Amino acid sequence: MGWEPTMPYLSPELNGQKLLVGANFASAGAGILNDTGFQFVNIIRIYQQLDYFQEYLKKVKALIGQVQTEKLVNESLTLITLGGNDFVNNYYLMPFSPRSRQFALPAYVPFLIDEYKKILQSLYVLGARRVLVTGTGPLGCVPAELALHSSSGECAKELQLAASLFNPQLVQMLDQLNQEVGSHVFIAVNTNEMHLDFISNSQAFGFTTTKTACCGQGPYNGLGLCTPFSNLCDNRDEYVFWDPFHPSERANRLIVQQIMNGSSTYMYPMNLNTIKALDSRA
């Protein structure tokens, strides 16, 4: 995009004119639900992130005034990624987890979607008017799940089912939200389909390894975290996964290309270049 990177909101260096660049409120392990990621000590839950966003807006107003702050936020781009942790670090974290005892999977997914809708409505109230909302990736195909559930490299069926239920319902909810606000505010980013492309046709994208992480240990390098004691691949660009959960930098760059230029299969109802063209004429 050619923009200056956004800094973490809690960085002491984020002040003065740097506030006008934007801010990153994200926290690793956070989910749609407050009980997601309870095993992480310092997690910043999503509603705390929204509180920080409100704090941020007050700081910007003090700098440039109410009218200019509203304009800045209305014309900004917001990216939000939630949902995967609500399965991996909640529903499926342990056998008979509290949420899995409370809900069967077909009921858990709409519950998540309803809670997610409230979060997105809060973002809209705070002024966000262009929001990219990523779905989950192929949850059952990440090296961490292969290490736990796979005998011959097949994706974990239950987690794949979760992703296949969640992602279409997310698109439907975003469509409904857009109808309610009367504008294409929320854009669905089909990261699941983007990632499955790498897995099903790896050579076309220049990858040689789709199941094993570049950095990790155990089967498929899928156990633990990437540490100085981990196995490390020779060429990370040949790997779809960097660590047990996350895409490699090269995979992420290909995902961003689809965000910029992808068809409606990947970006619904429009890609980011279309949004830029529309907004430049507004």
# chains A, B, ... in the order shown; residues from 1 in each chain; ligands from 1
$ select_by_dssp --residues "segment 20-268 of chain A" --states "strand (DSSP E or B)" --output "CSV table (one decimal) with C-alpha atoms, in the first residue's frame"
chain,number,residue,atom,x,y,z
A,23,ALA,CA,-2.3,1.7,15.3
A,24,ASN,CA,-2.2,-2.0,15.9
A,78,THR,CA,-9.2,-1.8,9.3
A,79,LEU,CA,-8.1,-5.4,9.3
A,80,ILE,CA,-9.5,-7.8,11.8
A,81,THR,CA,-8.7,-11.5,12.3
A,131,VAL,CA,-13.1,-3.4,7.3
A,132,LEU,CA,-11.3,-6.5,6.0
A,133,VAL,CA,-12.5,-9.5,7.9
A,134,THR,CA,-10.4,-12.6,7.4
A,186,PHE,CA,-17.3,-5.3,5.7
A,187,ILE,CA,-15.2,-7.3,3.2
A,188,ALA,CA,-14.8,-11.0,3.6
A,189,VAL,CA,-11.3,-12.3,3.0
A,209,THR,CA,6.6,-28.6,1.5
A,215,CYS,CA,10.8,-24.1,12.3
A,216,GLY,CA,9.6,-26.5,15.1
A,217,GLN,CA,10.1,-29.9,16.5
A,223,LEU,CA,5.1,-29.4,18.4
A,231,ASN,CA,14.7,-27.7,13.7
A,232,LEU,CA,15.1,-25.0,11.0
A,239,TYR,CA,7.5,-23.9,2.9
A,241,PHE,CA,4.2,-22.9,7.0
A,247,PRO,CA,2.1,-19.2,7.1
A,267,MET,CA,-12.5,-11.4,-1.7
A,268,TYR,CA,-16.3,-10.7,-1.3
$ select_by_dssp --residues "segment 32-109 of chain A" --states "alpha helix (DSSP H)" --output "ChimeraX atom specification"
/A:46-64,66-74,84-86,98-102,105-109
$ residues_around --residues "Gly153 of chain A" --least-positions-apart "3" --cutoff "12 Å" --atoms "only C-alpha atoms" --output "NGL selection string"
:A and (140-150 or 156-157 or 199 or 209-212 or 219-220 or 222)
$ write_last_selection --atoms "N, CA, C and O atoms" --output "PDB file, in the first residue's frame"
ATOM      1  N   GLY A 140      -7.409 -27.655  10.273  1.00  0.00           N
ATOM      2  CA  GLY A 140      -6.952 -29.028  10.472  1.00  0.00           C
ATOM      3  C   GLY A 140      -5.700 -29.396   9.709  1.00  0.00           C
ATOM      4  O   GLY A 140      -5.172 -30.507   9.880  1.00  0.00           O
ATOM      5  N   CYS A 141      -5.197 -28.476   8.871  1.00  0.00           N
ATOM      6  CA  CYS A 141      -4.046 -28.787   8.019  1.00  0.00           C
ATOM      7  C   CYS A 141      -2.743 -28.166   8.512  1.00  0.00           C
ATOM      8  O   CYS A 141      -1.698 -28.346   7.880  1.00  0.00           O
ATOM      9  N   VAL A 142      -2.792 -27.409   9.608  1.00  0.00           N
ATOM     10  CA  VAL A 142      -1.565 -26.785  10.107  1.00  0.00           C
ATOM     11  C   VAL A 142      -0.695 -27.852  10.763  1.00  0.00           C
ATOM     12  O   VAL A 142      -1.202 -28.853  11.285  1.00  0.00           O
ATOM     13  N   PRO A 143       0.642 -27.686  10.741  1.00  0.00           N
ATOM     14  CA  PRO A 143       1.536 -28.716  11.290  1.00  0.00           C
ATOM     15  C   PRO A 143       1.220 -29.108  12.729  1.00  0.00           C
ATOM     16  O   PRO A 143       1.372 -30.273  13.107  1.00  0.00           O
ATOM     17  N   ALA A 144       0.758 -28.160  13.542  1.00  0.00           N
ATOM     18  CA  ALA A 144       0.438 -28.479  14.940  1.00  0.00           C
ATOM     19  C   ALA A 144      -0.664 -29.528  15.024  1.00  0.00           C
ATOM     20  O   ALA A 144      -0.604 -30.435  15.880  1.00  0.00           O
ATOM     21  N   GLU A 145      -1.665 -29.416  14.164  1.00  0.00           N
ATOM     22  CA  GLU A 145      -2.761 -30.385  14.190  1.00  0.00           C
ATOM     23  C   GLU A 145      -2.353 -31.705  13.532  1.00  0.00           C
ATOM     24  O   GLU A 145      -2.776 -32.774  13.963  1.00  0.00           O
ATOM     25  N   LEU A 146      -1.516 -31.639  12.496  1.00  0.00           N
ATOM     26  CA  LEU A 146      -1.011 -32.869  11.882  1.00  0.00           C
ATOM     27  C   LEU A 146      -0.206 -33.664  12.902  1.00  0.00           C
ATOM     28  O   LEU A 146      -0.308 -34.898  12.970  1.00  0.00           O
ATOM     29  N   ALA A 147       0.599 -32.971  13.711  1.00  0.00           N
ATOM     30  CA  ALA A 147       1.418 -33.640  14.719  1.00  0.00           C
ATOM     31  C   ALA A 147       0.551 -34.365  15.744  1.00  0.00           C
ATOM     32  O   ALA A 147       0.916 -35.438  16.250  1.00  0.00           O
ATOM     33  N   LEU A 148      -0.615 -33.796  16.041  1.00  0.00           N
ATOM     34  CA  LEU A 148      -1.485 -34.372  17.067  1.00  0.00           C
ATOM     35  C   LEU A 148      -2.436 -35.431  16.520  1.00  0.00           C
ATOM     36  O   LEU A 148      -2.747 -36.404  17.206  1.00  0.00           O
ATOM     37  N   HIS A 149      -2.893 -35.255  15.277  1.00  0.00           N
ATOM     38  CA  HIS A 149      -4.021 -36.062  14.798  1.00  0.00           C
ATOM     39  C   HIS A 149      -3.730 -36.895  13.559  1.00  0.00           C
ATOM     40  O   HIS A 149      -4.551 -37.740  13.210  1.00  0.00           O
ATOM     41  N   SER A 150      -2.625 -36.653  12.862  1.00  0.00           N
ATOM     42  CA  SER A 150      -2.441 -37.268  11.549  1.00  0.00           C
ATOM     43  C   SER A 150      -1.446 -38.418  11.608  1.00  0.00           C
ATOM     44  O   SER A 150      -0.371 -38.298  12.201  1.00  0.00           O
ATOM     45  N   ALA A 156      -6.803 -32.903   9.828  1.00  0.00           N
ATOM     46  CA  ALA A 156      -7.714 -33.329  10.894  1.00  0.00           C
ATOM     47  C   ALA A 156      -9.154 -32.997  10.495  1.00  0.00           C
ATOM     48  O   ALA A 156      -9.502 -31.826  10.308  1.00  0.00           O
ATOM     49  N   LYS A 157      -9.982 -34.022  10.360  1.00  0.00           N
ATOM     50  CA  LYS A 157     -11.332 -33.850   9.798  1.00  0.00           C
ATOM     51  C   LYS A 157     -12.205 -32.929  10.635  1.00  0.00           C
ATOM     52  O   LYS A 157     -12.947 -32.106  10.103  1.00  0.00           O
ATOM     53  N   ILE A 199      -1.928 -25.753  -0.590  1.00  0.00           N
ATOM     54  CA  ILE A 199      -1.838 -27.144  -0.155  1.00  0.00           C
ATOM     55  C   ILE A 199      -2.177 -28.101  -1.300  1.00  0.00           C
ATOM     56  O   ILE A 199      -1.516 -29.120  -1.499  1.00  0.00           O
ATOM     57  N   THR A 209       7.040 -27.925   0.262  1.00  0.00           N
ATOM     58  CA  THR A 209       6.607 -28.555   1.511  1.00  0.00           C
ATOM     59  C   THR A 209       5.343 -27.874   2.016  1.00  0.00           C
ATOM     60  O   THR A 209       5.350 -26.678   2.305  1.00  0.00           O
ATOM     61  N   THR A 210       4.267 -28.648   2.137  1.00  0.00           N
ATOM     62  CA  THR A 210       2.984 -28.072   2.559  1.00  0.00           C
ATOM     63  C   THR A 210       2.548 -28.544   3.942  1.00  0.00           C
ATOM     64  O   THR A 210       1.611 -27.982   4.515  1.00  0.00           O
ATOM     65  N   LYS A 211       3.192 -29.567   4.469  1.00  0.00           N
ATOM     66  CA  LYS A 211       2.740 -30.150   5.731  1.00  0.00           C
ATOM     67  C   LYS A 211       3.682 -29.851   6.894  1.00  0.00           C
ATOM     68  O   LYS A 211       3.234 -29.682   8.030  1.00  0.00           O
ATOM     69  N   THR A 212       4.962 -29.787   6.628  1.00  0.00           N
ATOM     70  CA  THR A 212       5.959 -29.597   7.691  1.00  0.00           C
ATOM     71  C   THR A 212       6.297 -28.120   7.843  1.00  0.00           C
ATOM     72  O   THR A 212       6.466 -27.411   6.851  1.00  0.00           O
ATOM     73  N   PRO A 219       6.893 -34.432  15.092  1.00  0.00           N
ATOM     74  CA  PRO A 219       6.311 -34.746  13.780  1.00  0.00           C
ATOM     75  C   PRO A 219       5.873 -33.469  13.053  1.00  0.00           C
ATOM     76  O   PRO A 219       5.251 -32.588  13.660  1.00  0.00           O
ATOM     77  N   TYR A 220       6.227 -33.385  11.793  1.00  0.00           N
ATOM     78  CA  TYR A 220       5.874 -32.229  10.945  1.00  0.00           C
ATOM     79  C   TYR A 220       6.394 -30.903  11.527  1.00  0.00           C
ATOM     80  O   TYR A 220       5.920 -29.834  11.147  1.00  0.00           O
ATOM     81  N   GLY A 222       5.668 -29.832  14.220  1.00  0.00           N
ATOM     82  CA  GLY A 222       4.405 -29.252  14.667  1.00  0.00           C
ATOM     83  C   GLY A 222       4.243 -29.120  16.164  1.00  0.00           C
ATOM     84  O   GLY A 222       3.191 -28.680  16.628  1.00  0.00           O
TER      85      GLY A 222
END
$ closest_atom_pairs --of "segment 164-228 of chain A" --to "segment 103-115 of chain A" --cutoff "12 Å" --atoms "only C-alpha atoms" --output "tab-separated table"
residue	atom	partner	partner_atom	distance
A:Ser164	CA	A:Val109	CA	10.2
A:Leu165	CA	A:Val109	CA	6.9
A:Phe166	CA	A:Val109	CA	5.8
A:Asn167	CA	A:Val109	CA	9.4
A:Pro168	CA	A:Ile113	CA	10.4
A:Gln169	CA	A:Ile113	CA	7.1
A:Leu170	CA	A:Ile113	CA	6.3
A:Val171	CA	A:Ile113	CA	9.8
A:Gln172	CA	A:Ile113	CA	9.6
A:Met173	CA	A:Ile113	CA	7.2
A:Leu174	CA	A:Ile113	CA	9.7
A:Gln176	CA	A:Asp114	CA	11.6
A:Leu177	CA	A:Asp114	CA	11.2
$ closest_atom_pairs --of "segment 125-239 of chain A" --to "segment 47-69 of chain A" --cutoff "12 Å" --atoms "only C-alpha atoms" --output "tab-separated table"
residue	atom	partner	partner_atom	distance
A:Val125	CA	A:Gln54	CA	10.5
A:Leu126	CA	A:Gln54	CA	7.3
A:Gly127	CA	A:Thr69	CA	9.5
A:Ala128	CA	A:Phe53	CA	10.7
$ residues_around --residues "Ser248 of chain A" --least-positions-apart "5" --cutoff "8 Å" --atoms "only C-alpha atoms" --output "VMD selection string"
chain A and resid 236 to 237 239 to 243
$ decode --residues "segment 2-15 of chain A" --atoms "all heavy atoms" --output "PDB file, in the first residue's frame"
ATOM      1  N   GLY A   2       2.159   1.101   0.341  1.00  0.00           N
ATOM      2  CA  GLY A   2       3.038   2.261   0.390  1.00  0.00           C
ATOM      3  C   GLY A   2       2.886   3.103   1.639  1.00  0.00           C
ATOM      4  O   GLY A   2       3.364   4.243   1.698  1.00  0.00           O
ATOM      5  N   TRP A   3       2.221   2.562   2.642  1.00  0.00           N
ATOM      6  CA  TRP A   3       2.014   3.313   3.880  1.00  0.00           C
ATOM      7  C   TRP A   3       3.104   2.997   4.899  1.00  0.00           C
ATOM      8  O   TRP A   3       3.742   1.951   4.849  1.00  0.00           O
ATOM      9  CB  TRP A   3       0.662   2.951   4.502  1.00  0.00           C
ATOM     10  CG  TRP A   3      -0.526   3.272   3.664  1.00  0.00           C
ATOM     11  CD1 TRP A   3      -0.586   4.147   2.624  1.00  0.00           C
ATOM     12  CD2 TRP A   3      -1.831   2.694   3.777  1.00  0.00           C
ATOM     13  NE1 TRP A   3      -1.855   4.169   2.085  1.00  0.00           N
ATOM     14  CE2 TRP A   3      -2.636   3.288   2.779  1.00  0.00           C
ATOM     15  CE3 TRP A   3      -2.394   1.753   4.626  1.00  0.00           C
ATOM     16  CZ2 TRP A   3      -3.979   2.956   2.610  1.00  0.00           C
ATOM     17  CZ3 TRP A   3      -3.732   1.421   4.458  1.00  0.00           C
ATOM     18  CH2 TRP A   3      -4.506   2.021   3.459  1.00  0.00           C
ATOM     19  N   GLU A   4       3.264   3.905   5.837  1.00  0.00           N
ATOM     20  CA  GLU A   4       4.150   3.633   6.973  1.00  0.00           C
ATOM     21  C   GLU A   4       3.501   2.551   7.837  1.00  0.00           C
ATOM     22  O   GLU A   4       2.296   2.589   8.075  1.00  0.00           O
ATOM     23  CB  GLU A   4       4.313   4.927   7.779  1.00  0.00           C
ATOM     24  CG  GLU A   4       5.358   4.854   8.871  1.00  0.00           C
ATOM     25  CD  GLU A   4       5.479   6.172   9.620  1.00  0.00           C
ATOM     26  OE1 GLU A   4       5.233   7.243   9.022  1.00  0.00           O
ATOM     27  OE2 GLU A   4       5.812   6.128  10.824  1.00  0.00           O
ATOM     28  N   PRO A   5       4.265   1.568   8.310  1.00  0.00           N
ATOM     29  CA  PRO A   5       3.657   0.511   9.132  1.00  0.00           C
ATOM     30  C   PRO A   5       3.043   1.070  10.414  1.00  0.00           C
ATOM     31  O   PRO A   5       3.571   2.021  11.001  1.00  0.00           O
ATOM     32  CB  PRO A   5       4.840  -0.410   9.468  1.00  0.00           C
ATOM     33  CG  PRO A   5       5.864  -0.115   8.422  1.00  0.00           C
ATOM     34  CD  PRO A   5       5.697   1.326   8.062  1.00  0.00           C
ATOM     35  N   THR A   6       1.933   0.472  10.829  1.00  0.00           N
ATOM     36  CA  THR A   6       1.318   0.894  12.087  1.00  0.00           C
ATOM     37  C   THR A   6       2.091   0.314  13.262  1.00  0.00           C
ATOM     38  O   THR A   6       2.594  -0.807  13.195  1.00  0.00           O
ATOM     39  CB  THR A   6      -0.147   0.421  12.181  1.00  0.00           C
ATOM     40  OG1 THR A   6      -0.189  -0.983  11.906  1.00  0.00           O
ATOM     41  CG2 THR A   6      -1.027   1.148  11.182  1.00  0.00           C
ATOM     42  N   MET A   7       2.154   1.078  14.345  1.00  0.00           N
ATOM     43  CA  MET A   7       2.852   0.639  15.547  1.00  0.00           C
ATOM     44  C   MET A   7       1.859   0.030  16.530  1.00  0.00           C
ATOM     45  O   MET A   7       0.671   0.340  16.491  1.00  0.00           O
ATOM     46  CB  MET A   7       3.558   1.832  16.208  1.00  0.00           C
ATOM     47  CG  MET A   7       4.656   2.418  15.357  1.00  0.00           C
ATOM     48  SD  MET A   7       5.346   3.920  16.103  1.00  0.00           S
ATOM     49  CE  MET A   7       6.091   3.221  17.569  1.00  0.00           C
ATOM     50  N   PRO A   8       2.337  -0.840  17.436  1.00  0.00           N
ATOM     51  CA  PRO A   8       1.454  -1.339  18.492  1.00  0.00           C
ATOM     52  C   PRO A   8       0.900  -0.178  19.319  1.00  0.00           C
ATOM     53  O   PRO A   8       1.643   0.763  19.639  1.00  0.00           O
ATOM     54  CB  PRO A   8       2.365  -2.223  19.345  1.00  0.00           C
ATOM     55  CG  PRO A   8       3.525  -2.553  18.470  1.00  0.00           C
ATOM     56  CD  PRO A   8       3.703  -1.396  17.548  1.00  0.00           C
ATOM     57  N   TYR A   9      -0.379  -0.248  19.659  1.00  0.00           N
ATOM     58  CA  TYR A   9      -1.000   0.852  20.392  1.00  0.00           C
ATOM     59  C   TYR A   9      -0.285   1.128  21.716  1.00  0.00           C
ATOM     60  O   TYR A   9      -0.164   2.281  22.139  1.00  0.00           O
ATOM     61  CB  TYR A   9      -2.481   0.548  20.660  1.00  0.00           C
ATOM     62  CG  TYR A   9      -3.119   1.611  21.528  1.00  0.00           C
ATOM     63  CD1 TYR A   9      -3.294   2.907  21.040  1.00  0.00           C
ATOM     64  CD2 TYR A   9      -3.497   1.351  22.841  1.00  0.00           C
ATOM     65  CE1 TYR A   9      -3.834   3.912  21.823  1.00  0.00           C
ATOM     66  CE2 TYR A   9      -4.046   2.341  23.630  1.00  0.00           C
ATOM     67  CZ  TYR A   9      -4.213   3.617  23.127  1.00  0.00           C
ATOM     68  OH  TYR A   9      -4.740   4.607  23.914  1.00  0.00           O
ATOM     69  N   LEU A  10       0.211   0.084  22.371  1.00  0.00           N
ATOM     70  CA  LEU A  10       0.822   0.263  23.694  1.00  0.00           C
ATOM     71  C   LEU A  10       2.300   0.650  23.618  1.00  0.00           C
ATOM     72  O   LEU A  10       2.954   0.789  24.645  1.00  0.00           O
ATOM     73  CB  LEU A  10       0.660  -1.019  24.521  1.00  0.00           C
ATOM     74  CG  LEU A  10      -0.788  -1.399  24.859  1.00  0.00           C
ATOM     75  CD1 LEU A  10      -0.845  -2.698  25.660  1.00  0.00           C
ATOM     76  CD2 LEU A  10      -1.492  -0.283  25.615  1.00  0.00           C
ATOM     77  N   SER A  11       2.816   0.842  22.409  1.00  0.00           N
ATOM     78  CA  SER A  11       4.211   1.288  22.291  1.00  0.00           C
ATOM     79  C   SER A  11       4.366   2.712  22.835  1.00  0.00           C
ATOM     80  O   SER A  11       3.591   3.605  22.468  1.00  0.00           O
ATOM     81  CB  SER A  11       4.651   1.266  20.824  1.00  0.00           C
ATOM     82  OG  SER A  11       5.893   1.939  20.668  1.00  0.00           O
ATOM     83  N   PRO A  12       5.360   2.950  23.687  1.00  0.00           N
ATOM     84  CA  PRO A  12       5.585   4.315  24.189  1.00  0.00           C
ATOM     85  C   PRO A  12       5.976   5.298  23.084  1.00  0.00           C
ATOM     86  O   PRO A  12       5.901   6.510  23.268  1.00  0.00           O
ATOM     87  CB  PRO A  12       6.719   4.145  25.207  1.00  0.00           C
ATOM     88  CG  PRO A  12       7.362   2.841  24.886  1.00  0.00           C
ATOM     89  CD  PRO A  12       6.314   1.982  24.268  1.00  0.00           C
ATOM     90  N   GLU A  13       6.365   4.761  21.927  1.00  0.00           N
ATOM     91  CA  GLU A  13       6.765   5.622  20.813  1.00  0.00           C
ATOM     92  C   GLU A  13       5.577   6.095  19.972  1.00  0.00           C
ATOM     93  O   GLU A  13       5.738   6.939  19.090  1.00  0.00           O
ATOM     94  CB  GLU A  13       7.761   4.889  19.912  1.00  0.00           C
ATOM     95  CG  GLU A  13       9.079   4.554  20.603  1.00  0.00           C
ATOM     96  CD  GLU A  13       9.965   3.700  19.734  1.00  0.00           C
ATOM     97  OE1 GLU A  13       9.864   3.810  18.496  1.00  0.00           O
ATOM     98  OE2 GLU A  13      10.749   2.896  20.281  1.00  0.00           O
ATOM     99  N   LEU A  14       4.397   5.547  20.237  1.00  0.00           N
ATOM    100  CA  LEU A  14       3.216   5.939  19.462  1.00  0.00           C
ATOM    101  C   LEU A  14       2.602   7.193  20.082  1.00  0.00           C
ATOM    102  O   LEU A  14       1.779   7.127  20.993  1.00  0.00           O
ATOM    103  CB  LEU A  14       2.184   4.806  19.424  1.00  0.00           C
ATOM    104  CG  LEU A  14       0.948   5.097  18.561  1.00  0.00           C
ATOM    105  CD1 LEU A  14       1.317   5.279  17.095  1.00  0.00           C
ATOM    106  CD2 LEU A  14      -0.091   3.996  18.706  1.00  0.00           C
ATOM    107  N   ASN A  15       3.028   8.327  19.601  1.00  0.00           N
ATOM    108  CA  ASN A  15       2.511   9.604  20.106  1.00  0.00           C
ATOM    109  C   ASN A  15       2.678  10.673  19.033  1.00  0.00           C
ATOM    110  O   ASN A  15       3.302  10.450  17.996  1.00  0.00           O
ATOM    111  CB  ASN A  15       3.230  10.007  21.405  1.00  0.00           C
ATOM    112  CG  ASN A  15       4.738   9.943  21.258  1.00  0.00           C
ATOM    113  OD1 ASN A  15       5.305  10.461  20.303  1.00  0.00           O
ATOM    114  ND2 ASN A  15       5.408   9.275  22.195  1.00  0.00           N
TER     115      ASN A  15
END
